[in-house]
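Have a look at the structure below, then the notes.
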Amino acid sequence: MMSQGSKRELLETIRPRYRKAGKKEKQRILDEFVAVTGYHRKYAIRVLNSELHQEHLKKPGPRKIYQGEVVTALEYIWEICGQICSRRL
C-alpha cells in the first residue's frame, strides 16, 4: 500500500499529463493510476481533474477567543485547579 505522501507526489506528476491527454490516453493513464493507488475509478477521475490542492488556510472549529498573556494565566489557573473542565473552571 502506498503512503499518502507518495500518492500525493504521484498525483502531482500525473495530473498535468492527464489534463493534456486525449480520450484514449486518459483511459490508459487512469488505468495505471487506479492500479497503483488503489483508488476507485470515479474518485481517481475527480482527483485528477480537480484544481491543485491548496493547504488548509483556516483551521476547522471555532476561532480562538483568548490570546497571549491571558492564555498563560488561564493555563496557570487550570493547573492549580487540577486540570478541571472548562465549565467548572
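Chain lettering (A, B, ...) mirrors the order of the C-alpha cells, residue numbering begins at 1 for each chain separately, and ligand numbering begins at 1 in order of display.
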Show me, as a list in words, the residues that have an atom within 12 Å of A:Glu32 when counting only C-alpha atoms, minus same-chain residues fewer than 5 positions from it. Leu10, Leu11, Ile14, Tyr18, Glu25, Lys26, Gln27, Thr37, Gly38, Tyr39, Arg41 and Ala44 of chain A
Would you put the residues from that selection into a file with all heavy atoms, as an mmCIF file, in the first residue's frame?
```cif
data_model
loop_
_atom_site.group_PDB
_atom_site.id
_atom_site.type_symbol
_atom_site.label_atom_id
_atom_site.label_comp_id
_atom_site.auth_asym_id
_atom_site.auth_seq_id
_atom_site.Cartn_x
_atom_site.Cartn_y
_atom_site.Cartn_z
ATOM 1 N N LEU A 10 2.708 11.300 -6.713
ATOM 2 C CA LEU A 10 2.316 10.681 -7.972
ATOM 3 C C LEU A 10 1.211 11.489 -8.642
ATOM 4 O O LEU A 10 1.243 11.722 -9.856
ATOM 5 C CB LEU A 10 1.848 9.243 -7.729
ATOM 6 C CG LEU A 10 1.389 8.462 -8.953
ATOM 7 C CD1 LEU A 10 2.556 8.247 -9.910
ATOM 8 C CD2 LEU A 10 0.793 7.143 -8.531
ATOM 9 N N LEU A 11 0.255 11.935 -7.867
ATOM 10 C CA LEU A 11 -0.848 12.731 -8.392
ATOM 11 C C LEU A 11 -0.334 14.014 -9.035
ATOM 12 O O LEU A 11 -0.767 14.386 -10.125
ATOM 13 C CB LEU A 11 -1.841 13.048 -7.280
ATOM 14 C CG LEU A 11 -2.985 13.981 -7.619
ATOM 15 C CD1 LEU A 11 -3.890 13.350 -8.661
ATOM 16 C CD2 LEU A 11 -3.767 14.316 -6.369
ATOM 17 N N ILE A 14 1.272 13.222 -12.407
ATOM 18 C CA ILE A 14 0.382 12.698 -13.441
ATOM 19 C C ILE A 14 -0.672 13.713 -13.865
ATOM 20 O O ILE A 14 -1.091 13.737 -15.024
ATOM 21 C CB ILE A 14 -0.289 11.388 -12.965
ATOM 22 C CG1 ILE A 14 0.767 10.292 -12.886
ATOM 23 C CG2 ILE A 14 -1.420 10.969 -13.877
ATOM 24 C CD1 ILE A 14 0.245 8.973 -12.404
ATOM 25 N N TYR A 18 -2.373 14.144 -17.560
ATOM 26 C CA TYR A 18 -3.750 13.666 -17.724
ATOM 27 C C TYR A 18 -4.623 14.752 -18.350
ATOM 28 O O TYR A 18 -5.450 14.477 -19.215
ATOM 29 C CB TYR A 18 -4.308 13.246 -16.364
ATOM 30 C CG TYR A 18 -5.721 12.716 -16.416
ATOM 31 C CD1 TYR A 18 -5.982 11.412 -16.815
ATOM 32 C CD2 TYR A 18 -6.797 13.517 -16.057
ATOM 33 C CE1 TYR A 18 -7.278 10.916 -16.855
ATOM 34 C CE2 TYR A 18 -8.094 13.037 -16.092
ATOM 35 C CZ TYR A 18 -8.330 11.741 -16.494
ATOM 36 O OH TYR A 18 -9.616 11.261 -16.542
ATOM 37 N N GLU A 25 -5.663 8.224 -24.347
ATOM 38 C CA GLU A 25 -4.515 8.374 -23.450
ATOM 39 C C GLU A 25 -4.988 8.529 -21.999
ATOM 40 O O GLU A 25 -4.386 7.997 -21.071
ATOM 41 C CB GLU A 25 -3.676 9.579 -23.873
ATOM 42 C CG GLU A 25 -2.418 9.774 -23.077
ATOM 43 C CD GLU A 25 -1.382 8.685 -23.303
ATOM 44 O OE1 GLU A 25 -1.478 7.943 -24.299
ATOM 45 O OE2 GLU A 25 -0.480 8.575 -22.458
ATOM 46 N N LYS A 26 -6.092 9.259 -21.789
ATOM 47 C CA LYS A 26 -6.636 9.423 -20.440
ATOM 48 C C LYS A 26 -7.052 8.080 -19.851
ATOM 49 O O LYS A 26 -6.844 7.828 -18.666
ATOM 50 C CB LYS A 26 -7.828 10.382 -20.441
ATOM 51 C CG LYS A 26 -7.441 11.828 -20.485
ATOM 52 C CD LYS A 26 -8.653 12.717 -20.326
ATOM 53 C CE LYS A 26 -8.219 14.169 -20.325
ATOM 54 N NZ LYS A 26 -9.318 15.075 -20.073
ATOM 55 N N GLN A 27 -7.647 7.225 -20.671
ATOM 56 C CA GLN A 27 -8.054 5.906 -20.190
ATOM 57 C C GLN A 27 -6.845 5.105 -19.712
ATOM 58 O O GLN A 27 -6.885 4.471 -18.658
ATOM 59 C CB GLN A 27 -8.780 5.139 -21.295
ATOM 60 C CG GLN A 27 -10.159 5.654 -21.588
ATOM 61 C CD GLN A 27 -10.813 4.937 -22.760
ATOM 62 O OE1 GLN A 27 -10.160 4.192 -23.485
ATOM 63 N NE2 GLN A 27 -12.107 5.169 -22.950
ATOM 64 N N THR A 37 -2.537 3.282 -7.086
ATOM 65 C CA THR A 37 -3.006 3.891 -5.843
ATOM 66 C C THR A 37 -4.079 3.086 -5.127
ATOM 67 O O THR A 37 -4.233 3.208 -3.917
ATOM 68 C CB THR A 37 -3.575 5.295 -6.106
ATOM 69 O OG1 THR A 37 -4.648 5.192 -7.043
ATOM 70 C CG2 THR A 37 -2.504 6.228 -6.616
ATOM 71 N N GLY A 38 -4.860 2.307 -5.866
ATOM 72 C CA GLY A 38 -5.950 1.561 -5.254
ATOM 73 C C GLY A 38 -7.213 2.385 -5.095
ATOM 74 O O GLY A 38 -8.172 1.949 -4.447
ATOM 75 N N TYR A 39 -7.242 3.586 -5.673
ATOM 76 C CA TYR A 39 -8.432 4.425 -5.617
ATOM 77 C C TYR A 39 -9.531 3.829 -6.479
ATOM 78 O O TYR A 39 -9.269 3.120 -7.443
ATOM 79 C CB TYR A 39 -8.138 5.830 -6.143
ATOM 80 C CG TYR A 39 -7.303 6.711 -5.248
ATOM 81 C CD1 TYR A 39 -6.640 7.814 -5.760
ATOM 82 C CD2 TYR A 39 -7.176 6.474 -3.888
ATOM 83 C CE1 TYR A 39 -5.889 8.643 -4.961
ATOM 84 C CE2 TYR A 39 -6.423 7.296 -3.077
ATOM 85 C CZ TYR A 39 -5.786 8.373 -3.626
ATOM 86 O OH TYR A 39 -5.040 9.196 -2.833
ATOM 87 N N ARG A 41 -12.241 4.128 -9.375
ATOM 88 C CA ARG A 41 -12.053 4.801 -10.660
ATOM 89 C C ARG A 41 -12.687 6.194 -10.699
ATOM 90 O O ARG A 41 -12.072 7.154 -11.163
ATOM 91 C CB ARG A 41 -12.608 3.927 -11.776
ATOM 92 C CG ARG A 41 -12.227 4.394 -13.153
ATOM 93 C CD ARG A 41 -12.632 3.351 -14.195
ATOM 94 N NE ARG A 41 -12.257 3.774 -15.514
ATOM 95 C CZ ARG A 41 -11.062 3.562 -16.070
ATOM 96 N NH1 ARG A 41 -10.139 2.927 -15.388
ATOM 97 N NH2 ARG A 41 -10.796 3.983 -17.287
ATOM 98 N N ALA A 44 -10.678 8.620 -8.648
ATOM 99 C CA ALA A 44 -9.430 8.963 -9.330
ATOM 100 C C ALA A 44 -9.680 10.008 -10.413
ATOM 101 O O ALA A 44 -8.887 10.942 -10.566
ATOM 102 C CB ALA A 44 -8.802 7.711 -9.927
#
```
All residues 10 Å or closer to A:Met2, only C-alpha atoms, same chain fewer than 3 positions away omitted, as a VMD selection string: chain A and resid 5 to 8 36 to 38
From stretch 38-70 of chain A, collect each residue whose DSSP state is helix (DSSP H, G or I) and return the set as a PDB file with N, CA, C and O atoms, in the first residue's frame.
```pdb
ATOM      1  N   ARG A  41     -12.241   4.128  -9.375  1.00  0.00           N
ATOM      2  CA  ARG A  41     -12.053   4.801 -10.660  1.00  0.00           C
ATOM      3  C   ARG A  41     -12.687   6.194 -10.699  1.00  0.00           C
ATOM      4  O   ARG A  41     -12.072   7.154 -11.163  1.00  0.00           O
ATOM      5  N   LYS A  42     -13.905   6.333 -10.223  1.00  0.00           N
ATOM      6  CA  LYS A  42     -14.579   7.636 -10.249  1.00  0.00           C
ATOM      7  C   LYS A  42     -13.879   8.642  -9.341  1.00  0.00           C
ATOM      8  O   LYS A  42     -13.771   9.826  -9.668  1.00  0.00           O
ATOM      9  N   TYR A  43     -13.384   8.178  -8.194  1.00  0.00           N
ATOM     10  CA  TYR A  43     -12.656   9.074  -7.305  1.00  0.00           C
ATOM     11  C   TYR A  43     -11.357   9.526  -7.965  1.00  0.00           C
ATOM     12  O   TYR A  43     -10.972  10.695  -7.863  1.00  0.00           O
ATOM     13  N   ALA A  44     -10.678   8.620  -8.648  1.00  0.00           N
ATOM     14  CA  ALA A  44      -9.430   8.963  -9.330  1.00  0.00           C
ATOM     15  C   ALA A  44      -9.680  10.008 -10.413  1.00  0.00           C
ATOM     16  O   ALA A  44      -8.887  10.942 -10.566  1.00  0.00           O
ATOM     17  N   ILE A  45     -10.775   9.897 -11.142  1.00  0.00           N
ATOM     18  CA  ILE A  45     -11.119  10.892 -12.165  1.00  0.00           C
ATOM     19  C   ILE A  45     -11.325  12.248 -11.515  1.00  0.00           C
ATOM     20  O   ILE A  45     -10.827  13.269 -11.986  1.00  0.00           O
ATOM     21  N   ARG A  46     -12.050  12.265 -10.411  1.00  0.00           N
ATOM     22  CA  ARG A  46     -12.330  13.517  -9.714  1.00  0.00           C
ATOM     23  C   ARG A  46     -11.036  14.155  -9.213  1.00  0.00           C
ATOM     24  O   ARG A  46     -10.840  15.365  -9.329  1.00  0.00           O
ATOM     25  N   VAL A  47     -10.142  13.350  -8.664  1.00  0.00           N
ATOM     26  CA  VAL A  47      -8.880  13.870  -8.133  1.00  0.00           C
ATOM     27  C   VAL A  47      -7.997  14.400  -9.253  1.00  0.00           C
ATOM     28  O   VAL A  47      -7.390  15.461  -9.129  1.00  0.00           O
ATOM     29  N   LEU A  48      -7.926  13.678 -10.355  1.00  0.00           N
ATOM     30  CA  LEU A  48      -7.075  14.104 -11.466  1.00  0.00           C
ATOM     31  C   LEU A  48      -7.612  15.348 -12.164  1.00  0.00           C
ATOM     32  O   LEU A  48      -6.843  16.136 -12.706  1.00  0.00           O
ATOM     33  N   ASN A  49      -8.912  15.552 -12.167  1.00  0.00           N
ATOM     34  CA  ASN A  49      -9.492  16.730 -12.807  1.00  0.00           C
ATOM     35  C   ASN A  49      -9.552  17.941 -11.884  1.00  0.00           C
ATOM     36  O   ASN A  49      -9.785  19.050 -12.365  1.00  0.00           O
ATOM     37  N   GLU A  69      -1.015  36.680  26.904  1.00  0.00           N
ATOM     38  CA  GLU A  69      -0.865  36.551  28.355  1.00  0.00           C
ATOM     39  C   GLU A  69      -2.094  35.945  29.017  1.00  0.00           C
ATOM     40  O   GLU A  69      -1.982  35.299  30.055  1.00  0.00           O
ATOM     41  N   VAL A  70      -3.250  36.173  28.451  1.00  0.00           N
ATOM     42  CA  VAL A  70      -4.485  35.631  29.013  1.00  0.00           C
ATOM     43  C   VAL A  70      -4.438  34.103  29.001  1.00  0.00           C
ATOM     44  O   VAL A  70      -4.825  33.450  29.973  1.00  0.00           O
TER      45      VAL A  70
END
```
